[in-house]
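Text of input-v1.txt (compact mmCIF, C-alpha atoms) as supplied:
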# COMPACT_ATOMS: atom_id res chain seq x y z
CA MET N 1 74.91 134.60 114.67
CA LEU N 2 76.51 133.13 111.52
CA LYS N 3 76.52 134.40 107.95
CA PHE N 4 77.40 132.51 104.78
CA THR N 5 79.79 134.63 102.73
CA LYS N 6 82.06 134.14 99.75
CA GLN N 7 85.01 133.87 102.15
CA GLY N 8 83.33 131.18 104.25
CA ILE N 9 81.05 130.82 107.26
CA TYR N 10 81.41 134.02 109.27
CA CYS N 11 80.59 134.97 112.85
CA PRO N 12 80.57 138.82 112.88
CA ARG N 13 80.32 139.07 116.66
CA ALA N 14 83.53 137.07 117.16
CA ASP N 15 85.08 138.21 113.86
CA VAL N 16 86.03 134.66 112.95
CA TYR N 17 85.49 132.47 109.90
CA ILE N 18 84.99 128.70 109.88
CA ASP N 19 86.83 126.82 107.11
CA PRO N 20 87.32 130.01 105.06
CA TRP N 21 88.05 129.63 101.38
CA GLU N 22 89.79 132.98 100.94
CA PRO N 23 92.41 134.63 103.19
CA VAL N 24 90.98 136.15 106.39
CA GLN N 25 92.49 137.25 109.67
CA ASN N 26 90.91 134.68 112.01
CA ALA N 27 90.11 131.13 110.86
CA ILE N 28 88.72 128.11 112.66
CA VAL N 29 89.59 124.97 110.72
CA THR N 30 87.50 121.84 111.27
CA HIS N 31 90.12 119.43 109.86
CA GLY N 32 93.14 119.17 107.61
CA HIS N 33 91.65 118.29 104.20
CA SER N 34 92.32 120.97 101.59
CA ASP N 35 88.66 121.69 100.91
CA HIS N 36 88.47 122.94 104.51
CA ALA N 37 92.02 124.06 105.35
CA ARG N 38 93.44 126.76 103.10
CA TRP N 39 96.69 128.71 103.05
CA GLY N 40 96.91 132.44 103.77
CA MET N 41 94.99 132.98 107.01
CA GLY N 42 96.32 135.40 109.63
CA LYS N 43 95.63 133.04 112.55
CA TYR N 44 94.39 129.46 112.70
CA LEU N 45 92.42 127.72 115.44
CA CYS N 46 91.90 123.95 115.30
CA HIS N 47 92.01 120.76 117.35
CA ILE N 48 95.43 120.09 118.82
CA HIS N 49 95.91 116.96 116.71
CA THR N 50 95.27 118.95 113.54
CA VAL N 51 98.08 121.39 114.33
CA PRO N 52 100.96 119.25 112.94
CA VAL N 53 98.91 118.42 109.84
CA LEU N 54 98.29 122.09 109.08
CA ARG N 55 101.96 122.88 109.66
CA LEU N 56 102.88 120.10 107.23
CA ARG N 57 100.47 121.28 104.56
CA LEU N 58 100.37 125.04 105.02
CA GLY N 59 103.81 125.84 106.41
CA ALA N 60 105.70 125.41 109.66
CA ASP N 61 105.57 129.15 110.40
CA ILE N 62 101.79 129.65 110.39
CA ALA N 63 100.24 131.27 113.49
CA ILE N 64 98.15 128.51 115.00
CA GLN N 65 96.44 127.59 118.26
CA GLY N 66 95.31 124.09 119.14
CA LEU N 67 92.42 123.25 121.46
CA GLU N 68 91.45 120.02 123.15
CA TYR N 69 87.91 118.76 122.57
CA GLY N 70 85.53 120.63 124.86
CA GLU N 71 88.04 123.37 125.64
CA ALA N 72 86.59 126.83 125.05
CA VAL N 73 87.84 130.24 123.98
CA HIS N 74 85.84 133.46 124.19
CA ARG N 75 85.74 136.21 121.60
CA ASN N 76 83.63 139.29 122.32
CA GLY N 77 81.13 137.29 124.36
CA VAL N 78 80.96 134.30 121.99
CA ARG N 79 81.94 130.97 123.54
CA ILE N 80 83.69 128.81 120.96
CA SER N 81 84.55 125.15 121.50
CA LEU N 82 85.54 122.16 119.38
CA HIS N 83 83.93 118.73 119.62
CA PRO N 84 84.61 115.34 117.98
CA ALA N 85 83.34 114.89 114.42
CA GLY N 86 84.61 111.33 113.89
CA HIS N 87 85.66 112.18 110.32
CA ILE N 88 89.45 111.82 110.61
CA ILE N 89 92.12 112.35 113.27
CA GLY N 90 91.64 115.79 114.79
CA SER N 91 88.38 116.56 112.98
CA ALA N 92 86.06 118.82 114.91
CA GLN N 93 82.61 120.30 115.02
CA VAL N 94 82.58 123.97 115.96
CA ARG N 95 80.10 125.02 118.66
CA LEU N 96 79.37 128.73 119.09
CA GLU N 97 77.18 130.12 121.87
CA TYR N 98 76.10 133.70 122.46
CA LYS N 99 73.44 134.74 124.98
CA GLY N 100 71.95 131.26 125.02
CA GLU N 101 71.80 130.82 121.23
CA VAL N 102 73.82 127.84 120.00
CA TRP N 103 75.09 127.12 116.50
CA VAL N 104 77.06 124.00 115.52
CA VAL N 105 79.07 123.73 112.31
CA SER N 106 79.77 120.06 111.67
CA GLY N 107 82.56 120.27 109.12
CA ASP N 108 82.71 116.69 107.79
CA TYR N 109 81.66 113.84 110.05
CA LYS N 110 80.64 110.22 110.41
CA LEU N 111 78.89 108.40 113.24
CA VAL N 112 80.56 105.01 112.78
CA HIS N 113 83.73 104.65 114.85
CA ASP N 114 86.81 103.89 112.72
CA GLY N 115 89.11 102.82 115.55
CA VAL N 116 91.40 105.82 115.06
CA SER N 117 89.58 109.14 115.32
CA VAL N 118 87.59 110.20 118.38
CA PRO N 119 83.94 109.19 117.82
CA PHE N 120 81.32 111.74 116.78
CA GLU N 121 79.64 113.65 119.60
CA ALA N 122 76.01 114.72 119.10
CA LEU N 123 75.54 118.34 120.18
CA ARG N 124 72.15 119.87 120.88
CA CYS N 125 71.78 123.28 119.28
CA HIS N 126 69.34 125.74 117.74
CA HIS N 127 71.06 125.86 114.35
CA PHE N 128 73.06 123.05 112.72
CA VAL N 129 75.26 123.31 109.63
CA THR N 130 75.64 119.83 108.14
CA GLU N 131 77.63 118.38 105.29
CA SER N 132 75.78 116.28 102.70
CA THR N 133 78.50 114.48 100.74
CA PHE N 134 76.51 111.23 100.57
CA ALA N 135 73.04 112.59 101.28
CA LEU N 136 71.07 110.27 99.00
CA PRO N 137 69.23 107.09 100.07
CA VAL N 138 71.42 104.99 97.76
CA TYR N 139 74.38 105.59 100.06
CA ARG N 140 74.08 103.06 102.87
CA PHE N 141 77.55 101.93 103.85
CA PRO N 142 78.47 98.46 105.17
CA ASP N 143 79.97 97.90 108.59
CA PRO N 144 83.63 99.02 108.26
CA VAL N 145 84.75 96.01 110.34
CA LEU N 146 83.49 93.78 107.52
CA VAL N 147 85.23 95.96 104.94
CA PHE N 148 88.55 95.72 106.77
CA SER N 149 88.17 91.92 106.81
CA GLU N 150 87.51 91.95 103.07
CA ILE N 151 90.63 94.04 102.47
CA ASN N 152 92.79 91.67 104.50
CA ARG N 153 91.38 88.60 102.76
CA TRP N 154 91.96 90.19 99.35
CA TRP N 155 95.54 91.05 100.24
CA ALA N 156 96.21 87.47 101.40
CA GLN N 157 94.65 86.07 98.22
CA ASN N 158 96.71 88.38 96.01
CA ALA N 159 99.92 87.46 97.83
CA ALA N 160 99.17 83.73 97.45
CA GLU N 161 98.64 84.24 93.72
CA GLY N 162 101.88 86.19 93.23
CA PHE N 163 100.48 89.72 93.14
CA ASN N 164 101.27 92.78 95.19
CA THR N 165 98.32 94.77 96.50
CA VAL N 166 97.81 98.52 96.05
CA LEU N 167 95.15 100.40 98.01
CA LEU N 168 94.18 103.91 96.95
CA ALA N 169 92.99 106.09 99.84
CA TYR N 170 93.29 109.70 100.92
CA ALA N 171 96.69 110.33 102.46
CA LEU N 172 95.12 112.04 105.47
CA GLY N 173 92.38 110.13 107.25
CA LYS N 174 91.46 107.03 105.36
CA SER N 175 95.03 105.81 104.93
CA GLN N 176 95.60 105.86 108.70
CA THR N 177 92.33 104.03 109.31
CA ILE N 178 93.27 101.31 106.82
CA LEU N 179 96.76 100.95 108.24
CA GLN N 180 95.34 100.59 111.74
CA HIS N 181 93.33 97.53 110.64
CA LEU N 182 95.81 95.70 108.39
CA GLU N 183 96.81 92.16 109.37
CA THR N 184 100.51 92.73 108.89
CA GLU N 185 101.48 89.06 109.28
CA THR N 186 100.44 88.70 105.62
CA GLY N 187 103.44 90.72 104.46
CA ARG N 188 105.27 94.02 104.48
CA VAL N 189 103.46 97.33 104.30
CA PHE N 190 104.77 100.14 102.12
CA LEU N 191 103.66 103.76 101.93
CA HIS N 192 103.55 106.41 99.27
CA GLY N 193 105.51 109.48 100.36
CA ALA N 194 102.32 111.51 100.89
CA VAL N 195 100.99 108.93 103.36
CA ALA N 196 104.37 108.58 105.08
CA ASN N 197 104.58 112.37 105.53
CA VAL N 198 101.20 112.51 107.26
CA ASN N 199 102.11 109.58 109.51
CA ALA N 200 105.36 111.29 110.47
CA ALA N 201 103.51 114.51 111.33
CA LEU N 202 101.10 112.62 113.57
CA GLU N 203 103.82 110.74 115.46
CA GLY N 204 104.32 113.73 117.72
CA MET N 205 100.70 113.38 118.82
CA GLY N 206 101.31 109.77 119.84
CA TYR N 207 100.00 107.99 116.74
CA GLN N 208 101.87 105.00 115.36
CA PHE N 209 100.95 103.24 112.12
CA PRO N 210 102.64 100.36 110.31
CA GLY N 211 104.40 100.90 107.01
CA GLU N 212 107.68 101.81 105.38
CA ARG N 213 108.23 104.74 103.05
CA ILE N 214 108.97 103.69 99.47
CA ALA N 215 112.42 104.95 98.50
CA THR N 216 114.15 105.00 95.13
CA GLU N 217 116.65 102.45 96.41
CA THR N 218 113.95 100.03 97.63
CA ASP N 219 114.79 96.60 96.21
CA ARG N 220 111.94 95.34 94.00
CA SER N 221 112.61 91.79 95.14
CA SER N 222 111.56 92.85 98.66
CA LEU N 223 108.12 93.89 97.45
CA LYS N 224 106.75 90.43 96.73
CA GLY N 225 103.37 89.90 98.39
CA THR N 226 103.36 93.35 99.95
CA ILE N 227 100.59 95.90 100.31
CA VAL N 228 101.06 99.52 99.28
CA VAL N 229 98.90 102.40 100.53
CA ALA N 230 98.88 105.41 98.21
CA PRO N 231 96.69 108.43 97.40
CA PRO N 232 94.30 108.28 94.41
CA SER N 233 96.67 110.51 92.40
CA ALA N 234 99.06 107.55 92.14
CA LEU N 235 96.64 105.72 89.84
CA GLY N 236 98.18 105.36 86.39
CA SER N 237 101.47 106.97 87.42
CA PRO N 238 104.94 105.63 86.56
CA TRP N 239 105.50 105.34 90.33
CA LEU N 240 103.28 102.25 90.41
CA ARG N 241 105.35 100.26 87.91
CA ARG N 242 107.86 99.11 90.50
CA PHE N 243 105.11 97.06 92.19
CA SER N 244 104.16 95.08 89.09
CA PRO N 245 102.54 92.61 89.04
CA TYR N 246 99.89 94.11 91.28
CA ARG N 247 96.16 94.33 91.80
CA ILE N 248 94.76 97.70 92.74
CA ALA N 249 91.69 98.79 94.68
CA SER N 250 90.00 102.08 95.49
CA CYS N 251 88.68 102.63 99.03
CA SER N 252 85.86 105.13 98.86
CA GLY N 253 82.22 105.74 99.61
CA TRP N 254 81.76 106.32 95.88
CA MET N 255 82.36 102.59 95.38
CA GLN N 256 78.77 102.14 96.60
CA LEU N 257 77.58 102.85 93.06
CA ARG N 258 77.85 100.27 90.31
CA GLY N 259 80.29 101.25 87.62
CA ALA N 260 82.40 103.46 89.87
CA ARG N 261 85.15 100.85 90.00
CA ARG N 262 85.32 100.58 86.20
CA ARG N 263 85.33 104.34 85.76
CA ARG N 264 88.30 104.63 88.08
CA GLY N 265 90.23 101.85 86.33
CA VAL N 266 90.85 99.62 89.34
CA ASP N 267 90.46 95.89 89.97
CA ARG N 268 88.39 96.18 93.13
CA GLY N 269 86.34 98.74 94.99
CA PHE N 270 85.89 98.76 98.76
CA VAL N 271 83.02 100.83 100.16
CA LEU N 272 84.86 102.70 102.88
CA SER N 273 84.12 106.32 103.69
CA ASP N 274 85.14 108.95 106.22
CA HIS N 275 81.73 110.58 105.76
CA ALA N 276 78.27 109.85 107.08
CA ASP N 277 75.93 107.88 104.83
CA TRP N 278 72.21 108.56 104.41
CA GLU N 279 71.15 106.96 107.69
CA GLN N 280 73.95 108.57 109.68
CA LEU N 281 73.16 112.03 108.31
CA ASN N 282 69.52 111.71 109.31
CA GLN N 283 70.47 110.39 112.74
CA ALA N 284 72.92 113.22 113.32
CA VAL N 285 70.45 115.93 112.35
CA SER N 286 67.76 114.45 114.62
CA ALA N 287 70.18 114.18 117.55
CA THR N 288 70.90 117.92 117.47
CA ALA N 289 67.19 118.80 117.97
CA ALA N 290 68.02 121.87 115.86
CA GLU N 291 65.21 124.14 114.72
CA THR N 292 67.08 125.20 111.61
CA VAL N 293 69.45 123.15 109.47
CA TYR N 294 71.80 124.49 106.81
CA VAL N 295 72.97 121.91 104.27
CA THR N 296 76.27 122.26 102.42
CA HIS N 297 79.14 120.31 100.84
CA GLY N 298 77.35 117.77 98.65
CA TYR N 299 73.72 117.04 97.80
CA GLU N 300 72.44 120.25 99.35
CA ALA N 301 69.14 120.60 97.49
CA PRO N 302 67.76 117.05 97.82
CA PHE N 303 68.77 116.70 101.48
CA ALA N 304 67.36 120.10 102.45
CA ARG N 305 64.11 119.23 100.68
CA TRP N 306 63.97 115.86 102.49
CA LEU N 307 64.43 117.53 105.86
CA ARG N 308 61.67 120.02 105.12
CA GLU N 309 59.17 117.51 103.78
CA HIS N 310 59.85 114.49 106.01
CA LYS N 311 61.39 115.95 109.18
CA ASP N 312 59.36 119.19 109.26
CA LEU N 313 62.52 121.22 109.76
CA GLN N 314 63.50 124.64 108.53
CA ALA N 315 66.21 123.45 106.15
CA HIS N 316 68.17 125.61 103.74
CA GLU N 317 70.71 124.68 101.10
CA VAL N 318 73.95 126.64 101.19
CA HIS N 319 76.53 126.28 98.44
CA LEU N 320 79.87 127.44 99.79
CA GLN N 321 82.73 128.40 97.52
CA GLY N 322 85.17 125.51 97.31
CA ALA N 323 82.61 122.93 98.43
CA GLU N 324 82.79 121.25 95.03
CA VAL N 325 86.49 120.47 95.53
CA MET N 326 87.03 116.92 96.73
CA GLU N 327 89.34 116.01 99.57
CA ASP N 328 92.88 116.11 98.34
CA ASP N 329 95.50 113.52 97.59
CA LEU N 330 98.38 115.41 99.25
Rewrite the structure of this file - the entire thing - as structure tokens.
Amino acid sequence: MLKFTKQGIYCPRADVYIDPWEPVQNAIVTHGHSDHARWGMGKYLCHIHTVPVLRLRLGADIAIQGLEYGEAVHRNGVRISLHPAGHIIGSAQVRLEYKGEVWVVSGDYKLVHDGVSVPFEALRCHHFVTESTFALPVYRFPDPVLVFSEINRWWAQNAAEGFNTVLLAYALGKSQTILQHLETETGRVFLHGAVANVNAALEGMGYQFPGERIATETDRSSLKGTIVVAPPSALGSPWLRRFSPYRIASCSGWMQLRGARRRRGVDRGFVLSDHADWEQLNQAVSATAAETVYVTHGYEAPFARWLREHKDLQAHEVHLQGAEVMEDDL
């Protein structure tokens, strides 16, 4: 039912692409990160909570339709529905059914609940397209509740020692998760403009997160002991100077590996990811009971080989155009 083309994952019967990389007429977008949501499509279909994010990032005048989880549309006999992926707010798996054959395209996902996004829903299918961002056994992430506690303790310690705290995290997704779990009695929370813009877009969907936008007139004396949430692109920028003295941390699944913190030039690394780790990926694939698995977006070859040799599945690696581009800092 699906084909893997240079434009993206294509369903000829329904004439629709999933997370297309190049302009097409009909696009289903799994979530708002720029390696999945691109400008120039004729019409967009996504989860209703992704609508304001796409309007923010791609333009207020785009033609877009939002669906609730589980709500279906039909195109030339193909039943299409969106289901929770647990990756970020509004992230969705795409389920397509035609004459009893079911395909599920996961987009990006994680099985651990972050307290913000709707938890991942396992969908039984015949064919499953899975991401593989962290599909190596070395990636086994700690309980995020423990990580949030570590972040709050580190912030309190920094404030007691006269330092501001800067957390680097993707503006869409991880920043909102972090903000949701901050113990704000420690001090004030400030936001990079990119994070503040996403928060403002999500307010119409009923989301509320702590934090004040940093403005040029913000008094530096008011920043003492504060925490600042900013995208990774802020690292090393003149924008950060106003918070000096500060200690800075990166919040990422890549922090699992030794040396990643030093390579990124930060004081601390917190292992916090919006993606599934090794165990979660294996659990998700098994839960689908799929006969065929297509592996993309990450460690395609080793994960597909693992599924063939250890899970006795028909597993194929698929390298999609644009899959090498990391989630953005916008």
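In terms of minimum interatomic distance to N:Glu217, N:Arg242 ranks closest within N:Ser233, N:Arg242, N:Val24, N:Phe120, counting all atoms listed in the file.
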Practice task
Write out as a list of chain:residue names the residues lying within 8 Å of N:Leu45, counting all atoms listed in the file and excluding same-chain residues fewer than 3 positions away.
Solution key: N:Asn26, N:Ala27, N:Ile28, N:Val29, N:Ile64, N:Gln65, N:Gly66, N:Leu67
Problem - Two-atom distance - atom CA of N:Gly107, atom CA of N:Thr30 (Å) - result: 5.6 Å
Practice task
Between atom CA of N:Ala234 and atom CA of N:Leu272, measure the distance and give it in Å to one decimal.
Solution key: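 Computing it gives 18.5 Å between the two atoms.
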Problem - Separation of atom CA of N:Ile18 from atom CA of N:Asp277 in Å - result: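 Atom-to-atom, atom CA of N:Asp277 to atom CA of N:Ile18, that is 23.3 Å.
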Practice task
Please identify all polymer residues within 7 Å of N:Ala287, counting only C-alpha atoms, omitting same-chain residues fewer than 3 positions from it, and present them as a ChimeraX atom specification.
Solution key: /N:122,124,283-284
Practice task
Pick out the closest residue to N:Leu320 from this set: N:Tyr207, N:Tyr17, N:Phe270, N:Phe4. Count all atoms listed in the file.
Solution key: N:Phe4
Sphere at (93.0, 139.1, 112.9), radius 10 Å, counting all atoms listed in the file: residues as a compact mmCIF listing (two decimals) with C-alpha atoms, in the frame of the given file:
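Result file is selection32.txt:
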# COMPACT_ATOMS: atom_id res chain seq x y z
CA ASP N 15 85.08 138.21 113.86
CA VAL N 16 86.03 134.66 112.95
CA VAL N 24 90.98 136.15 106.39
CA GLN N 25 92.49 137.25 109.67
CA ASN N 26 90.91 134.68 112.01
CA ALA N 27 90.11 131.13 110.86
CA MET N 41 94.99 132.98 107.01
CA GLY N 42 96.32 135.40 109.63
CA LYS N 43 95.63 133.04 112.55
CA TYR N 44 94.39 129.46 112.70
Handout entry: Counting only C-alpha atoms, the option among N:Arg57, N:His319, N:His33, N:Arg140 closest to N:Thr5
Key =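 When distances to N:Thr5 are compared using only C-alpha atoms, the smallest one comes from N:His319.
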Practice task
Tell me which of N:His74, N:Ala249, N:Ser117, N:Asn164 sits closest to N:Ser221, counting all atoms listed in the file.
Solution key: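 With all atoms listed in the file as the atom set, the closest residue is N:Asn164.
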Could you give me, as JSON lines, every stretch 146-208 of chain N residue with an atom at most 10 Å from stretch 264-269 of chain N, plus its closest atom pair and distance in Å to one decimal, counting all atoms listed in the file, rows ordered by chain then number?
{"residue": "N:Ile151", "atom": "CA", "partner": "N:Gly269", "partner_atom": "CA", "distance": 9.8}
{"residue": "N:Trp154", "atom": "CA", "partner": "N:Arg268", "partner_atom": "CA", "distance": 9.3}
{"residue": "N:Val166", "atom": "CA", "partner": "N:Val266", "partner_atom": "CA", "distance": 9.7}
{"residue": "N:Leu167", "atom": "CA", "partner": "N:Arg268", "partner_atom": "CA", "distance": 9.3}
{"residue": "N:Leu168", "atom": "CA", "partner": "N:Val266", "partner_atom": "CA", "distance": 9.3}
Report as a PDB file with C-alpha atoms, in the coordinates of the input all protein, DNA and RNA residues lying within 9 Å of N:Tyr299, evaluated on all atoms listed in the file, omitting residues in the same chain fewer than 6 positions from it.
ATOM      1  CA  GLU N 131      77.630 118.380 105.290  1.00  0.00           C
ATOM      2  CA  SER N 132      75.780 116.280 102.700  1.00  0.00           C
ATOM      3  CA  THR N 133      78.500 114.480 100.740  1.00  0.00           C
ATOM      4  CA  PHE N 134      76.510 111.230 100.570  1.00  0.00           C
ATOM      5  CA  ALA N 135      73.040 112.590 101.280  1.00  0.00           C
ATOM      6  CA  LEU N 136      71.070 110.270  99.000  1.00  0.00           C
ATOM      7  CA  GLU N 317      70.710 124.680 101.100  1.00  0.00           C
TER       8      GLU N 317
END
Practice task
Tell me which of N:Phe141, N:Phe243, N:Tyr69, N:Phe209 sits closest to N:Leu111, counting only C-alpha atoms.
Solution key: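 Ranked by minimum distance to N:Leu111, first place goes to N:Phe141.
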Please complete stretch 117-147 of chain N so it has N, CA and C atoms, and hand it over as a PDB file, in the coordinates of the input.
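Once everything was written out, this is selection_13.pdb:
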ATOM      1  N   SER N 117      90.018 107.811 114.911  1.00  0.00           N
ATOM      2  CA  SER N 117      89.580 109.140 115.320  1.00  0.00           C
ATOM      3  C   SER N 117      88.624 109.061 116.504  1.00  0.00           C
ATOM      4  N   VAL N 118      88.520 110.147 117.245  1.00  0.00           N
ATOM      5  CA  VAL N 118      87.590 110.200 118.380  1.00  0.00           C
ATOM      6  C   VAL N 118      86.169 110.186 117.835  1.00  0.00           C
ATOM      7  N   PRO N 119      85.300 109.324 118.373  1.00  0.00           N
ATOM      8  CA  PRO N 119      83.940 109.190 117.820  1.00  0.00           C
ATOM      9  C   PRO N 119      83.128 110.482 117.866  1.00  0.00           C
ATOM     10  N   PHE N 120      82.231 110.608 116.919  1.00  0.00           N
ATOM     11  CA  PHE N 120      81.320 111.740 116.780  1.00  0.00           C
ATOM     12  C   PHE N 120      80.548 111.988 118.079  1.00  0.00           C
ATOM     13  N   GLU N 121      80.418 113.258 118.430  1.00  0.00           N
ATOM     14  CA  GLU N 121      79.640 113.650 119.600  1.00  0.00           C
ATOM     15  C   GLU N 121      78.424 114.461 119.149  1.00  0.00           C
ATOM     16  N   ALA N 122      77.225 113.980 119.446  1.00  0.00           N
ATOM     17  CA  ALA N 122      76.010 114.720 119.100  1.00  0.00           C
ATOM     18  C   ALA N 122      75.868 115.915 120.018  1.00  0.00           C
ATOM     19  N   LEU N 123      75.644 117.088 119.431  1.00  0.00           N
ATOM     20  CA  LEU N 123      75.540 118.340 120.180  1.00  0.00           C
ATOM     21  C   LEU N 123      74.164 118.959 119.953  1.00  0.00           C
ATOM     22  N   ARG N 124      73.442 119.201 121.012  1.00  0.00           N
ATOM     23  CA  ARG N 124      72.150 119.870 120.880  1.00  0.00           C
ATOM     24  C   ARG N 124      72.379 121.350 120.601  1.00  0.00           C
ATOM     25  N   CYS N 125      71.586 121.892 119.694  1.00  0.00           N
ATOM     26  CA  CYS N 125      71.780 123.280 119.280  1.00  0.00           C
ATOM     27  C   CYS N 125      70.492 123.820 118.672  1.00  0.00           C
ATOM     28  N   HIS N 126      70.471 125.108 118.407  1.00  0.00           N
ATOM     29  CA  HIS N 126      69.340 125.740 117.740  1.00  0.00           C
ATOM     30  C   HIS N 126      69.510 125.718 116.219  1.00  0.00           C
ATOM     31  N   HIS N 127      70.756 125.809 115.778  1.00  0.00           N
ATOM     32  CA  HIS N 127      71.060 125.860 114.350  1.00  0.00           C
ATOM     33  C   HIS N 127      72.215 124.904 114.058  1.00  0.00           C
ATOM     34  N   PHE N 128      72.050 124.075 113.044  1.00  0.00           N
ATOM     35  CA  PHE N 128      73.060 123.050 112.720  1.00  0.00           C
ATOM     36  C   PHE N 128      73.440 123.177 111.253  1.00  0.00           C
ATOM     37  N   VAL N 129      74.734 123.274 110.995  1.00  0.00           N
ATOM     38  CA  VAL N 129      75.260 123.310 109.630  1.00  0.00           C
ATOM     39  C   VAL N 129      75.841 121.932 109.346  1.00  0.00           C
ATOM     40  N   THR N 130      75.225 121.204 108.412  1.00  0.00           N
ATOM     41  CA  THR N 130      75.640 119.830 108.140  1.00  0.00           C
ATOM     42  C   THR N 130      76.210 119.668 106.738  1.00  0.00           C
ATOM     43  N   GLU N 131      77.167 118.801 106.617  1.00  0.00           N
ATOM     44  CA  GLU N 131      77.630 118.380 105.290  1.00  0.00           C
ATOM     45  C   GLU N 131      76.578 117.451 104.680  1.00  0.00           C
ATOM     46  N   SER N 132      76.735 117.162 103.380  1.00  0.00           N
ATOM     47  CA  SER N 132      75.780 116.280 102.700  1.00  0.00           C
ATOM     48  C   SER N 132      76.448 115.503 101.573  1.00  0.00           C
ATOM     49  N   THR N 133      77.708 115.133 101.785  1.00  0.00           N
ATOM     50  CA  THR N 133      78.500 114.480 100.740  1.00  0.00           C
ATOM     51  C   THR N 133      77.789 113.261 100.166  1.00  0.00           C
ATOM     52  N   PHE N 134      77.187 112.452 101.023  1.00  0.00           N
ATOM     53  CA  PHE N 134      76.510 111.230 100.570  1.00  0.00           C
ATOM     54  C   PHE N 134      75.034 111.255 100.972  1.00  0.00           C
ATOM     55  N   ALA N 135      74.411 112.412 100.822  1.00  0.00           N
ATOM     56  CA  ALA N 135      73.040 112.590 101.280  1.00  0.00           C
ATOM     57  C   ALA N 135      72.001 112.166 100.249  1.00  0.00           C
ATOM     58  N   LEU N 136      72.089 110.900  99.833  1.00  0.00           N
ATOM     59  CA  LEU N 136      71.070 110.270  99.000  1.00  0.00           C
ATOM     60  C   LEU N 136      70.800 108.884  99.570  1.00  0.00           C
ATOM     61  N   PRO N 137      69.559 108.395  99.486  1.00  0.00           N
ATOM     62  CA  PRO N 137      69.230 107.090 100.070  1.00  0.00           C
ATOM     63  C   PRO N 137      70.055 105.926  99.532  1.00  0.00           C
ATOM     64  N   VAL N 138      70.626 106.069  98.339  1.00  0.00           N
ATOM     65  CA  VAL N 138      71.420 104.990  97.760  1.00  0.00           C
ATOM     66  C   VAL N 138      72.694 104.731  98.564  1.00  0.00           C
ATOM     67  N   TYR N 139      73.136 105.731  99.301  1.00  0.00           N
ATOM     68  CA  TYR N 139      74.380 105.590 100.060  1.00  0.00           C
ATOM     69  C   TYR N 139      74.094 105.052 101.455  1.00  0.00           C
ATOM     70  N   ARG N 140      74.227 103.745 101.587  1.00  0.00           N
ATOM     71  CA  ARG N 140      74.080 103.060 102.870  1.00  0.00           C
ATOM     72  C   ARG N 140      75.301 102.145 103.006  1.00  0.00           C
ATOM     73  N   PHE N 141      76.255 102.570 103.804  1.00  0.00           N
ATOM     74  CA  PHE N 141      77.550 101.930 103.850  1.00  0.00           C
ATOM     75  C   PHE N 141      77.551 100.678 104.722  1.00  0.00           C
ATOM     76  N   PRO N 142      78.343  99.672 104.339  1.00  0.00           N
ATOM     77  CA  PRO N 142      78.470  98.460 105.170  1.00  0.00           C
ATOM     78  C   PRO N 142      79.273  98.743 106.434  1.00  0.00           C
ATOM     79  N   ASP N 143      79.187  97.818 107.363  1.00  0.00           N
ATOM     80  CA  ASP N 143      79.970  97.900 108.590  1.00  0.00           C
ATOM     81  C   ASP N 143      81.451  97.926 108.220  1.00  0.00           C
ATOM     82  N   PRO N 144      82.211  98.954 108.641  1.00  0.00           N
ATOM     83  CA  PRO N 144      83.630  99.020 108.260  1.00  0.00           C
ATOM     84  C   PRO N 144      84.448  97.835 108.759  1.00  0.00           C
ATOM     85  N   VAL N 145      84.033  97.195 109.857  1.00  0.00           N
ATOM     86  CA  VAL N 145      84.750  96.010 110.340  1.00  0.00           C
ATOM     87  C   VAL N 145      84.729  94.919 109.270  1.00  0.00           C
ATOM     88  N   LEU N 146      83.596  94.766 108.603  1.00  0.00           N
ATOM     89  CA  LEU N 146      83.490  93.780 107.520  1.00  0.00           C
ATOM     90  C   LEU N 146      84.353  94.185 106.330  1.00  0.00           C
ATOM     91  N   VAL N 147      84.413  95.475 106.064  1.00  0.00           N
ATOM     92  CA  VAL N 147      85.230  95.960 104.940  1.00  0.00           C
ATOM     93  C   VAL N 147      86.707  95.719 105.214  1.00  0.00           C
TER      94      VAL N 147
END
